[in-house]
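File shown: run25.pdb (PDB, C-alpha atoms and all ligand atoms).
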```pdb
ATOM      1  CA  MET A   1     330.454-141.007-178.713
ATOM      2  CA  VAL A   2     329.727-137.991-176.527
ATOM      3  CA  LEU A   3     329.165-134.331-177.420
ATOM      4  CA  ASP A   4     330.281-132.176-174.491
ATOM      5  CA  ALA A   5     329.431-128.790-175.983
ATOM      6  CA  PRO A   6     328.281-127.400-179.338
ATOM      7  CA  GLY A   7     331.280-127.074-181.632
ATOM      8  CA  ALA A   8     333.343-129.660-179.752
ATOM      9  CA  ARG A   9     334.508-132.879-181.372
ATOM     10  CA  LEU A  10     332.647-136.005-180.299
ATOM     11  CA  ARG A  11     334.739-138.122-177.961
ATOM     12  CA  ALA A  12     334.645-141.819-177.195
ATOM     13  CA  ALA A  13     333.633-142.444-173.593
ATOM     14  CA  GLU A  14     332.498-145.225-171.316
ATOM     15  CA  THR A  15     329.291-144.174-169.594
ATOM     16  CA  ARG A  16     327.197-145.999-167.037
ATOM     17  CA  PRO A  17     324.083-147.501-168.669
ATOM     18  CA  PRO A  18     321.047-145.561-167.392
ATOM     19  CA  GLU A  19     318.429-147.393-165.349
ATOM     20  CA  LEU A  20     315.259-148.161-167.241
ATOM     21  CA  ARG A  21     312.089-146.304-166.363
ATOM     22  CA  PRO A  22     308.707-148.047-166.747
ATOM     23  CA  GLY A  23     307.855-148.480-170.434
ATOM     24  CA  GLN A  24     311.433-148.168-171.623
ATOM     25  CA  VAL A  25     313.587-150.722-173.397
ATOM     26  CA  ARG A  26     317.313-151.139-173.615
ATOM     27  CA  ILE A  27     318.551-151.729-177.140
ATOM     28  CA  ARG A  28     321.815-153.121-178.422
ATOM     29  CA  VAL A  29     322.525-150.755-181.299
ATOM     30  CA  GLY A  30     323.356-152.397-184.622
ATOM     31  CA  ALA A  31     323.491-149.238-186.706
ATOM     32  CA  CYS A  32     322.667-145.560-186.401
ATOM     33  CA  GLY A  33     322.101-143.235-189.308
ATOM     34  CA  VAL A  34     323.906-139.898-189.450
ATOM     35  CA  CYS A  35     321.492-137.063-190.193
ATOM     36  CA  ARG A  36     322.056-133.442-191.145
ATOM     37  CA  THR A  37     320.223-132.594-187.921
ATOM     38  CA  ASP A  38     323.069-134.262-185.982
ATOM     39  CA  LEU A  39     325.395-131.859-187.751
ATOM     40  CA  HIS A  40     323.209-128.874-186.789
ATOM     41  CA  VAL A  41     323.319-129.998-183.137
ATOM     42  CA  ARG A  42     327.054-130.763-183.274
ATOM     43  CA  ASP A  43     327.789-127.345-184.803
ATOM     44  CA  GLY A  44     325.471-125.374-182.484
ATOM     45  CA  GLU A  45     322.861-124.383-185.080
ATOM     46  CA  LEU A  46     320.144-126.063-183.015
ATOM     47  CA  ARG A  47     319.882-124.593-179.582
ATOM     48  CA  GLU A  48     319.770-126.058-176.107
ATOM     49  CA  PRO A  49     320.561-129.722-176.598
ATOM     50  CA  LYS A  50     320.878-131.942-173.562
ATOM     51  CA  LEU A  51     324.565-131.862-172.577
ATOM     52  CA  PRO A  52     326.584-133.946-172.524
ATOM     53  CA  LEU A  53     324.728-135.643-175.340
ATOM     54  CA  ILE A  54     324.843-138.845-177.361
ATOM     55  CA  LEU A  55     323.700-137.881-180.868
ATOM     56  CA  GLY A  56     321.803-140.085-183.284
ATOM     57  CA  HIS A  57     318.121-140.585-184.013
ATOM     58  CA  GLN A  58     318.065-143.254-186.701
ATOM     59  CA  ILE A  59     318.705-146.269-184.529
ATOM     60  CA  VAL A  60     318.307-149.888-185.551
ATOM     61  CA  GLY A  61     318.963-152.407-182.826
ATOM     62  CA  THR A  62     317.816-155.350-180.790
ATOM     63  CA  VAL A  63     315.806-155.192-177.574
ATOM     64  CA  ILE A  64     317.866-156.676-174.742
ATOM     65  CA  GLU A  65     315.900-155.581-171.669
ATOM     66  CA  GLY A  66     312.719-153.902-170.580
ATOM     67  CA  ASP A  67     309.069-153.367-171.394
ATOM     68  CA  ALA A  68     307.171-156.622-171.824
ATOM     69  CA  ALA A  69     305.329-155.276-174.872
ATOM     70  CA  LEU A  70     308.555-155.602-176.846
ATOM     71  CA  VAL A  71     310.011-159.081-176.580
ATOM     72  CA  ARG A  72     313.706-159.460-176.008
ATOM     73  CA  GLY A  73     315.461-160.125-179.303
ATOM     74  CA  THR A  74     313.025-158.009-181.357
ATOM     75  CA  ARG A  75     314.689-155.766-183.909
ATOM     76  CA  VAL A  76     313.333-152.225-183.614
ATOM     77  CA  GLY A  77     313.892-148.774-185.028
ATOM     78  CA  VAL A  78     314.084-145.666-182.863
ATOM     79  CA  PRO A  79     313.251-142.346-184.546
ATOM     80  CA  TRP A  80     313.678-138.669-183.696
ATOM     81  CA  LEU A  81     310.335-138.446-181.861
ATOM     82  CA  GLY A  82     311.252-139.945-178.493
ATOM     83  CA  TRP A  83     308.330-139.002-176.273
ATOM     84  CA  THR A  84     305.223-136.823-176.300
ATOM     85  CA  CYS A  85     302.934-135.681-173.489
ATOM     86  CA  GLY A  86     299.647-137.016-174.836
ATOM     87  CA  GLU A  87     297.809-134.110-173.204
ATOM     88  CA  CYS A  88     298.558-130.862-175.016
ATOM     89  CA  ARG A  89     296.298-129.449-177.739
ATOM     90  CA  TYR A  90     298.547-130.876-180.449
ATOM     91  CA  CYS A  91     298.726-134.371-178.982
ATOM     92  CA  ARG A  92     294.959-134.390-178.500
ATOM     93  CA  ALA A  93     294.466-133.332-182.120
ATOM     94  CA  GLY A  94     296.611-136.177-183.515
ATOM     95  CA  ARG A  95     299.522-133.805-184.207
ATOM     96  CA  GLU A  96     302.011-135.209-181.726
ATOM     97  CA  ASN A  97     304.841-134.049-184.010
ATOM     98  CA  LEU A  98     304.086-130.543-182.683
ATOM     99  CA  CYS A  99     303.762-131.529-178.988
ATOM    100  CA  ASP A 100     304.574-128.701-176.585
ATOM    101  CA  ARG A 101     306.715-130.983-174.446
ATOM    102  CA  ALA A 102     308.064-133.461-177.009
ATOM    103  CA  ARG A 103     311.440-135.067-176.386
ATOM    104  CA  PHE A 104     313.741-135.841-179.250
ATOM    105  CA  THR A 105     316.187-138.705-179.588
ATOM    106  CA  GLY A 106     319.785-137.595-179.887
ATOM    107  CA  TYR A 107     318.876-133.983-179.018
ATOM    108  CA  THR A 108     316.911-133.566-175.800
ATOM    109  CA  GLN A 109     317.578-137.170-174.772
ATOM    110  CA  ASP A 110     320.452-139.501-175.559
ATOM    111  CA  GLY A 111     320.520-141.239-178.928
ATOM    112  CA  GLY A 112     322.238-143.985-180.835
ATOM    113  CA  TYR A 113     325.895-143.084-181.471
ATOM    114  CA  ALA A 114     326.551-145.758-178.861
ATOM    115  CA  GLU A 115     326.688-149.487-178.277
ATOM    116  CA  GLU A 116     323.441-149.335-176.293
ATOM    117  CA  ALA A 117     320.501-146.976-176.223
ATOM    118  CA  VAL A 118     317.349-146.562-174.153
ATOM    119  CA  ALA A 119     313.995-145.742-175.713
ATOM    120  CA  ASP A 120     310.316-145.564-174.794
ATOM    121  CA  ALA A 121     308.833-148.763-176.236
ATOM    122  CA  ARG A 122     305.760-146.904-177.523
ATOM    123  CA  TYR A 123     307.878-144.848-179.911
ATOM    124  CA  CYS A 124     309.846-147.753-181.399
ATOM    125  CA  PHE A 125     308.907-149.182-184.775
ATOM    126  CA  ALA A 126     308.825-152.785-185.879
ATOM    127  CA  LEU A 127     311.018-153.150-188.968
ATOM    128  CA  PRO A 128     310.827-155.296-192.090
ATOM    129  CA  ASP A 129     312.857-158.519-192.025
ATOM    130  CA  GLY A 130     315.628-158.963-194.542
ATOM    131  CA  PRO A 131     317.671-155.806-194.950
ATOM    132  CA  ARG A 132     320.724-155.278-192.769
ATOM    133  CA  ASP A 133     320.609-152.828-189.872
ATOM    134  CA  GLU A 134     322.719-150.253-191.715
ATOM    135  CA  GLU A 135     320.425-150.431-194.749
ATOM    136  CA  LEU A 136     317.344-149.736-192.639
ATOM    137  CA  ALA A 137     318.807-146.974-190.466
ATOM    138  CA  PRO A 138     318.306-144.125-192.998
ATOM    139  CA  LEU A 139     314.571-144.864-193.088
ATOM    140  CA  LEU A 140     314.251-143.774-189.441
ATOM    141  CA  CYS A 141     314.655-140.093-190.282
ATOM    142  CA  ALA A 142     315.609-139.457-193.899
ATOM    143  CA  GLY A 143     312.835-141.849-194.912
ATOM    144  CA  LEU A 144     310.326-140.695-192.327
ATOM    145  CA  ILE A 145     310.715-136.956-192.748
ATOM    146  CA  GLY A 146     310.878-137.466-196.484
ATOM    147  CA  PHE A 147     307.651-139.448-196.364
ATOM    148  CA  ARG A 148     305.910-136.739-194.331
ATOM    149  CA  ALA A 149     307.186-134.125-196.801
ATOM    150  CA  LEU A 150     305.883-136.186-199.710
ATOM    151  CA  ARG A 151     302.420-136.304-198.101
ATOM    152  CA  ALA A 152     302.628-132.536-197.534
ATOM    153  CA  ALA A 153     303.295-132.093-201.255
ATOM    154  CA  GLY A 154     299.781-133.384-201.947
ATOM    155  CA  ASP A 155     298.992-135.391-205.057
ATOM    156  CA  ALA A 156     301.431-133.540-207.311
ATOM    157  CA  ALA A 157     302.240-135.693-210.332
ATOM    158  CA  THR A 158     305.427-133.773-211.181
ATOM    159  CA  LEU A 159     307.640-133.333-208.158
ATOM    160  CA  GLY A 160     310.870-131.364-207.817
ATOM    161  CA  LEU A 161     313.403-132.411-205.167
ATOM    162  CA  TYR A 162     315.984-129.805-204.144
ATOM    163  CA  GLY A 163     319.115-131.267-202.584
ATOM    164  CA  PHE A 164     319.719-134.915-203.346
ATOM    165  CA  GLY A 165     321.049-136.744-200.317
ATOM    166  CA  ALA A 166     319.756-139.251-197.800
ATOM    167  CA  ALA A 167     316.117-138.134-197.746
ATOM    168  CA  ALA A 168     315.677-137.388-201.445
ATOM    169  CA  HIS A 169     317.121-140.705-202.574
ATOM    170  CA  ILE A 170     314.439-142.509-200.550
ATOM    171  CA  VAL A 171     311.586-140.107-201.380
ATOM    172  CA  ALA A 172     312.314-140.344-205.097
ATOM    173  CA  GLN A 173     311.702-144.099-204.945
ATOM    174  CA  LEU A 174     308.504-143.734-202.897
ATOM    175  CA  ALA A 175     307.240-141.081-205.309
ATOM    176  CA  VAL A 176     307.997-143.188-208.387
ATOM    177  CA  HIS A 177     306.165-146.159-206.803
ATOM    178  CA  GLU A 178     303.183-143.848-206.463
ATOM    179  CA  GLY A 179     303.323-143.061-210.167
ATOM    180  CA  ARG A 180     304.783-139.566-209.846
ATOM    181  CA  ARG A 181     307.510-138.047-211.993
ATOM    182  CA  VAL A 182     310.596-136.837-210.131
ATOM    183  CA  LEU A 183     312.950-134.041-211.183
ATOM    184  CA  ALA A 184     316.091-133.553-209.089
ATOM    185  CA  PHE A 185     317.800-130.201-208.564
ATOM    186  CA  THR A 186     321.335-130.156-207.170
ATOM    187  CA  ARG A 187     324.214-127.754-206.792
ATOM    188  CA  PRO A 188     325.729-126.922-210.187
ATOM    189  CA  GLY A 189     328.394-129.463-211.072
ATOM    190  CA  ASP A 190     327.324-132.042-208.486
ATOM    191  CA  ASP A 191     327.452-134.903-210.958
ATOM    192  CA  ASP A 192     327.523-137.490-208.184
ATOM    193  CA  ALA A 193     324.184-136.341-206.762
ATOM    194  CA  GLN A 194     322.700-136.083-210.248
ATOM    195  CA  SER A 195     323.768-139.612-211.168
ATOM    196  CA  LEU A 196     322.391-140.902-207.840
ATOM    197  CA  ALA A 197     319.073-139.202-208.627
ATOM    198  CA  ARG A 198     318.827-140.899-212.023
ATOM    199  CA  GLU A 199     319.813-144.223-210.474
ATOM    200  CA  VAL A 200     316.860-144.126-208.078
ATOM    201  CA  GLY A 201     314.282-143.103-210.635
ATOM    202  CA  ALA A 202     314.472-139.355-211.280
ATOM    203  CA  GLU A 203     313.438-138.576-214.832
ATOM    204  CA  TRP A 204     315.677-135.523-214.972
ATOM    205  CA  ALA A 205     318.537-134.305-212.806
ATOM    206  CA  GLY A 206     320.390-131.031-213.173
ATOM    207  CA  PRO A 207     321.482-127.827-211.497
ATOM    208  CA  VAL A 208     319.148-125.488-209.601
ATOM    209  CA  GLY A 209     318.214-122.699-211.975
ATOM    210  CA  GLU A 210     317.587-124.861-215.002
ATOM    211  CA  ARG A 211     313.885-125.203-215.745
ATOM    212  CA  PRO A 212     313.158-128.406-217.578
ATOM    213  CA  GLU A 213     309.398-127.959-217.018
ATOM    214  CA  GLU A 214     306.838-126.617-214.578
ATOM    215  CA  LEU A 215     306.562-128.501-211.272
ATOM    216  CA  GLU A 216     303.344-129.254-209.411
ATOM    217  CA  ALA A 217     305.143-129.352-206.059
ATOM    218  CA  ALA A 218     308.663-129.110-204.707
ATOM    219  CA  ILE A 219     310.395-130.430-201.599
ATOM    220  CA  ILE A 220     313.514-128.643-200.370
ATOM    221  CA  PHE A 221     315.902-130.873-198.436
ATOM    222  CA  ALA A 222     318.961-128.613-198.626
ATOM    223  CA  PRO A 223     319.196-126.165-195.688
ATOM    224  CA  ALA A 224     319.550-123.191-198.044
ATOM    225  CA  GLY A 225     316.905-120.465-197.750
ATOM    226  CA  GLU A 226     317.676-119.033-201.192
ATOM    227  CA  LEU A 227     316.074-122.161-202.660
ATOM    228  CA  VAL A 228     312.607-121.123-201.442
ATOM    229  CA  PRO A 229     311.991-118.345-204.004
ATOM    230  CA  LYS A 230     313.700-120.478-206.665
ATOM    231  CA  ALA A 231     311.376-123.404-205.982
ATOM    232  CA  LEU A 232     308.351-121.079-205.851
ATOM    233  CA  ALA A 233     309.297-119.752-209.258
ATOM    234  CA  ALA A 234     309.396-123.319-210.578
ATOM    235  CA  VAL A 235     305.992-124.521-209.299
ATOM    236  CA  ALA A 236     302.709-124.047-211.085
ATOM    237  CA  ARG A 237     299.727-122.138-209.660
ATOM    238  CA  GLY A 238     298.259-123.992-206.688
ATOM    239  CA  GLY A 239     301.554-125.782-206.081
ATOM    240  CA  THR A 240     303.223-126.330-202.727
ATOM    241  CA  VAL A 241     306.846-125.843-201.727
ATOM    242  CA  VAL A 242     307.686-128.009-198.716
ATOM    243  CA  CYS A 243     310.726-127.173-196.585
ATOM    244  CA  ALA A 244     311.754-130.484-195.037
ATOM    245  CA  GLY A 245     314.739-129.528-192.911
ATOM    246  CA  ILE A 246     314.804-128.609-189.232
ATOM    247  CA  HIS A 247     317.157-125.712-189.943
ATOM    248  CA  MET A 248     317.483-123.405-192.932
ATOM    249  CA  THR A 249     319.475-120.261-193.629
ATOM    250  CA  ALA A 250     317.455-117.044-193.939
ATOM    251  CA  ILE A 251     315.024-116.886-196.832
ATOM    252  CA  PRO A 252     315.689-113.826-199.018
ATOM    253  CA  SER A 253     312.755-111.516-199.695
ATOM    254  CA  PHE A 254     310.899-112.195-202.911
ATOM    255  CA  SER A 255     308.178-110.615-204.965
ATOM    256  CA  TYR A 256     304.570-111.421-204.088
ATOM    257  CA  GLU A 257     304.125-112.567-207.651
ATOM    258  CA  LEU A 258     305.988-115.770-206.773
ATOM    259  CA  LEU A 259     303.417-116.645-204.098
ATOM    260  CA  TRP A 260     300.405-115.382-206.031
ATOM    261  CA  GLY A 261     298.238-118.013-207.673
ATOM    262  CA  GLU A 262     297.577-119.851-204.399
ATOM    263  CA  ARG A 263     301.061-121.224-204.157
ATOM    264  CA  VAL A 264     301.886-122.467-200.670
ATOM    265  CA  VAL A 265     305.146-122.504-198.724
ATOM    266  CA  ARG A 266     305.186-124.769-195.691
ATOM    267  CA  SER A 267     307.535-126.733-193.472
ATOM    268  CA  VAL A 268     307.266-130.214-192.055
ATOM    269  CA  ALA A 269     308.312-130.666-188.449
ATOM    270  CA  ASN A 270     309.286-133.951-186.826
ATOM    271  CA  LEU A 271     307.057-136.989-187.339
ATOM    272  CA  THR A 272     304.107-138.772-185.836
ATOM    273  CA  ARG A 273     304.066-142.461-185.010
ATOM    274  CA  SER A 274     301.423-142.978-187.655
ATOM    275  CA  ASP A 275     303.862-141.578-190.264
ATOM    276  CA  GLY A 276     306.207-144.370-189.240
ATOM    277  CA  HIS A 277     303.592-147.101-189.425
ATOM    278  CA  GLU A 278     302.526-145.851-192.866
ATOM    279  CA  LEU A 279     306.092-145.632-194.153
ATOM    280  CA  PHE A 280     307.067-149.114-193.023
ATOM    281  CA  ARG A 281     303.827-150.494-194.500
ATOM    282  CA  ALA A 282     304.720-148.799-197.786
ATOM    283  CA  VAL A 283     308.288-150.151-197.898
ATOM    284  CA  ARG A 284     307.112-153.654-197.048
ATOM    285  CA  GLU A 285     304.945-153.483-200.180
ATOM    286  CA  HIS A 286     307.497-151.720-202.357
ATOM    287  CA  PRO A 287     311.011-152.112-200.939
ATOM    288  CA  VAL A 288     313.328-149.159-201.442
ATOM    289  CA  THR A 289     317.060-149.364-201.951
ATOM    290  CA  THR A 290     319.174-147.293-199.617
ATOM    291  CA  ILE A 291     322.643-146.281-200.759
ATOM    292  CA  VAL A 292     324.721-146.098-197.599
ATOM    293  CA  GLU A 293     328.239-145.092-196.741
ATOM    294  CA  VAL A 294     329.161-147.014-193.618
ATOM    295  CA  PHE A 295     331.523-145.813-190.876
ATOM    296  CA  PRO A 296     332.551-147.455-187.619
ATOM    297  CA  LEU A 297     331.148-145.826-184.471
ATOM    298  CA  ALA A 298     334.520-144.347-183.520
ATOM    299  CA  ALA A 299     334.611-142.488-186.862
ATOM    300  CA  ALA A 300     331.414-140.510-186.178
ATOM    301  CA  GLU A 301     333.316-137.226-186.600
ATOM    302  CA  ASP A 302     334.556-138.350-190.026
ATOM    303  CA  ALA A 303     331.002-139.151-191.045
ATOM    304  CA  LEU A 304     329.844-135.694-189.901
ATOM    305  CA  ASP A 305     332.761-134.051-191.726
ATOM    306  CA  ARG A 306     331.845-135.776-194.971
ATOM    307  CA  LEU A 307     328.203-134.816-194.548
ATOM    308  CA  ARG A 308     329.165-131.180-193.862
ATOM    309  CA  ALA A 309     331.269-131.199-197.031
ATOM    310  CA  GLY A 310     328.388-132.642-199.072
ATOM    311  CA  ALA A 311     330.570-135.635-199.912
ATOM    312  CA  VAL A 312     328.260-138.459-198.817
ATOM    313  CA  ARG A 313     326.512-140.286-201.651
ATOM    314  CA  GLY A 314     323.117-141.334-200.271
ATOM    315  CA  ALA A 315     323.146-141.725-196.489
ATOM    316  CA  ALA A 316     325.915-141.981-193.900
ATOM    317  CA  VAL A 317     325.476-144.712-191.307
ATOM    318  CA  LEU A 318     327.468-145.782-188.269
ATOM    319  CA  ALA A 319     327.738-149.558-188.068
ATOM    320  CA  VAL A 320     328.206-150.216-184.388
ATOM    321  CA  GLY A 321     330.665-152.975-183.679
ATOM    322  CA  ASP A 322     331.499-153.173-187.373
ATOM    323  CA  PRO A 323     335.081-152.041-187.979
ATOM    324  CA  ARG A 324     334.616-151.917-191.752
ATOM    325  CA  GLY A 325     333.910-148.387-192.854
ATOM    326  CA  ARG A 326     333.119-148.828-196.484
ATOM    327  CA  ARG A 327     330.600-147.870-199.079
ATOM    328  CA  ARG A 328     328.089-150.466-200.122
ATOM    329  CA  PRO A 329     324.670-150.352-201.669
ATOM    330  CA  GLY A 330     321.836-152.281-200.085
ATOM    331  CA  SER A 331     318.200-153.081-200.437
ATOM    332  CA  ALA A 332     315.712-152.029-197.785
TER
HETATM  333 ZN    ZN A 401     301.820-133.026-176.253
HETATM  334 ZN    ZN A 402     317.154-136.604-188.832
END
```

Could you render the structure as structure tokens?
Ligand SMILES: [Zn+2]
Ligand SMILES: [Zn+2]
Amino acid sequence: MVLDAPGARLRAAETRPPELRPGQVRIRVGACGVCRTDLHVRDGELREPKLPLILGHQIVGTVIEGDAALVRGTRVGVPWLGWTCGECRYCRAGRENLCDRARFTGYTQDGGYAEEAVADARYCFALPDGPRDEELAPLLCAGLIGFRALRAAGDAATLGLYGFGAAAHIVAQLAVHEGRRVLAFTRPGDDDAQSLAREVGAEWAGPVGERPEELEAAIIFAPAGELVPKALAAVARGGTVVCAGIHMTAIPSFSYELLWGERVVRSVANLTRSDGHELFRAVREHPVTTIVEVFPLAAAEDALDRLRAGAVRGAAVLAVGDPRGRRRPGSA
């Protein structure tokens, strides 16, 4: 499925498989998660994508050719971080997520809304056995960025999650495994998101604006800047508000009082490979359940439409080669 220009509908196309460069692998895609970032690229909110582009950075598939370090037949996951330079000040400091020259899967290089994909073997992750491809796919970004955001929230015992979709439904489970209490804030009247939150371990779920109790940290997954002062107002002194999205609408001005008391506002950007190794170690110990809504590859636009409308419960996933587009819960 090819994006020709921002704002254009994805179209099905036959393209010539690219030749492999040293260190790359060719992967037969089993499933590819649909992320809000894909929507930002599709709609032109993220600038200067490679064009034409194959979206998708939550790929689960099987190695069919390439680098000897990854044996043919191995199931791997391909995340958003596709390549880093290894030389810049960030790479040298162990912060490859901020690399000056980083390349991103499904944005600055082709991704996984396709039957085959090519990836640098060093950036692929080994995956737990057991769960189906479509159950694992959301871990490759929603899980990973969520995990990085959870670490950025520090050791907060009472955690607020703003926006309850693909990332939050995974993070809530990770947080509960770590002994934290989770409170979920959704759009008023979004009963579906609130019931999902309770299902995956949130102690309380309700509309933004209600204040059940003081939070020690908050993570904002919704791309809505007006949530920043609201979350700041809900966290205790010393608490952190983590903005986990790659794009957010403008943040309205707010009184200094909301930041006073050593409150912190920060973002998380991208991921490092060590985030991935840590996350997959964690979910091997404590499996998480992903709630996925599955679409066939050809229905990628439908999946994006539902995501744009806020209608997806949990995570949207393209099952490549699977004509059944239906909702089913799974265990990852
Ligand atoms: Zn670098
Ligand atoms: Zn993503």

(message) For segment 55-59 of chain A, find every residue with an atom within 6 Å (counting only C-alpha atoms), except residues of its own chain fewer than 5 positions away, and show them as JSON, numbers by chain.
(response) {"A": [32, 33, 77, 78, 79, 80, 105, 106, 111, 112, 113, 137, 140, 141]}

(request) For segment 197-212 of chain A, list every protein, DNA or RNA residue within 12 Å, evaluated using all atoms listed in the file, and leave out those in the same chain fewer than 3 positions away; present the list as a PyMOL selection string. (result) chain A and resi 158-194+215+220+222+224+226-235+288-291+313-314+329+331

(message) With distances taken over all atoms listed in the file, which residue among A:Asp129, A:Glu135, A:Glu216, A:Asp275 lies nearest Arg263 of chain A?
(response)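 Among the listed residues, A:Glu216 lies closest to Arg263 of chain A.
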
Do you have, as a Markdown table, the list of residues of chain A lying at most 8 Å from ligand ZN 401 (chain A), each with its nearest atom pair and that distance in Å to one decimal, counting all atoms listed in the file and ordered by chain then number?
```
| residue | atom | partner | partner_atom | distance |
| --- | --- | --- | --- | --- |
| A:Thr84 | CA | A:ZN401 | ZN | 5.1 |
| A:Cys85 | CA | A:ZN401 | ZN | 4.0 |
| A:Gly86 | CA | A:ZN401 | ZN | 4.8 |
| A:Glu87 | CA | A:ZN401 | ZN | 5.2 |
| A:Cys88 | CA | A:ZN401 | ZN | 4.1 |
| A:Arg89 | CA | A:ZN401 | ZN | 6.7 |
| A:Tyr90 | CA | A:ZN401 | ZN | 5.7 |
| A:Cys91 | CA | A:ZN401 | ZN | 4.3 |
| A:Arg92 | CA | A:ZN401 | ZN | 7.3 |
| A:Glu96 | CA | A:ZN401 | ZN | 5.9 |
| A:Leu98 | CA | A:ZN401 | ZN | 7.3 |
| A:Cys99 | CA | A:ZN401 | ZN | 3.7 |
| A:Asp100 | CA | A:ZN401 | ZN | 5.1 |
| A:Arg101 | CA | A:ZN401 | ZN | 5.6 |
| A:Ala102 | CA | A:ZN401 | ZN | 6.3 |
```

Can you spell out as a short mmCIF file (atom, residue, chain, number, x, y, z; two decimals) with C-alpha atoms, keeping the file's coordinate frame the set of residues that the PyMOL selection byres (((chain A and resi 298) around 10) and not hetatm) selects in the structure I just provided?
```
data_model
loop_
_atom_site.label_atom_id
_atom_site.label_comp_id
_atom_site.auth_asym_id
_atom_site.auth_seq_id
_atom_site.Cartn_x
_atom_site.Cartn_y
_atom_site.Cartn_z
CA MET A 1 330.45 -141.01 -178.71
CA LEU A 10 332.65 -136.00 -180.30
CA ARG A 11 334.74 -138.12 -177.96
CA ALA A 12 334.64 -141.82 -177.20
CA TYR A 113 325.90 -143.08 -181.47
CA ALA A 114 326.55 -145.76 -178.86
CA PHE A 295 331.52 -145.81 -190.88
CA PRO A 296 332.55 -147.46 -187.62
CA LEU A 297 331.15 -145.83 -184.47
CA ALA A 299 334.61 -142.49 -186.86
CA ALA A 300 331.41 -140.51 -186.18
CA GLU A 301 333.32 -137.23 -186.60
CA ASP A 302 334.56 -138.35 -190.03
CA ALA A 303 331.00 -139.15 -191.04
CA LEU A 318 327.47 -145.78 -188.27
CA ALA A 319 327.74 -149.56 -188.07
CA VAL A 320 328.21 -150.22 -184.39
CA GLY A 321 330.66 -152.98 -183.68
CA PRO A 323 335.08 -152.04 -187.98
#
```

(request) Enter the distance from atom CA of Arg28 of chain A to atom CA of Gly61 of chain A, in Å, rounded to one decimal. (result) 5.3 Å

(request) Up to 10 Å from (329.5, -132.6, -185.6) in the file's coordinates: name the residues, counting only C-alpha atoms, as number ranges by chain. (result) A: 3, 6-10, 34, 36-44, 55, 300-305, 307-308

(message) My list of candidates is A:Gly82, A:Gly143, A:Gly261, A:Gly239. Which is closest to ligand ZN 402 (chain A) when distances are computed with only C-alpha atoms and all ligand atoms?
(response) A:Gly143

(message) Suppose a student applies the PyMOL selection byres (((chain A and resi 270) around 6) and not hetatm) to this structure; what residues should they get, written as number ranges by chain?
(response) A: 97, 269, 271

Write out, as an mmCIF file, in the coordinates of the input, the residues just selected, with C-alpha atoms.
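After the write, selection34.cif holds the following:
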```
data_model
loop_
_atom_site.group_PDB
_atom_site.id
_atom_site.type_symbol
_atom_site.label_atom_id
_atom_site.label_comp_id
_atom_site.auth_asym_id
_atom_site.auth_seq_id
_atom_site.Cartn_x
_atom_site.Cartn_y
_atom_site.Cartn_z
ATOM 1 C CA ASN A 97 304.841 -134.049 -184.010
ATOM 2 C CA ALA A 269 308.312 -130.666 -188.449
ATOM 3 C CA LEU A 271 307.057 -136.989 -187.339
#
```

(request) Rounded to one decimal place, report the atom CA of Ala93 of chain A-atom CA of Gly245 of chain A distance in Å. (result)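 Value for the atom CA of Ala93 of chain A-atom CA of Gly245 of chain A distance: 23.3 Å.
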
(message) For this structure, which residues satisfy the selection - the PyMOL selection byres (((chain A and resi 50) around 9) and not hetatm) - when it is evaluated on the file as given? I want them as a count of residues only.
(response) 11
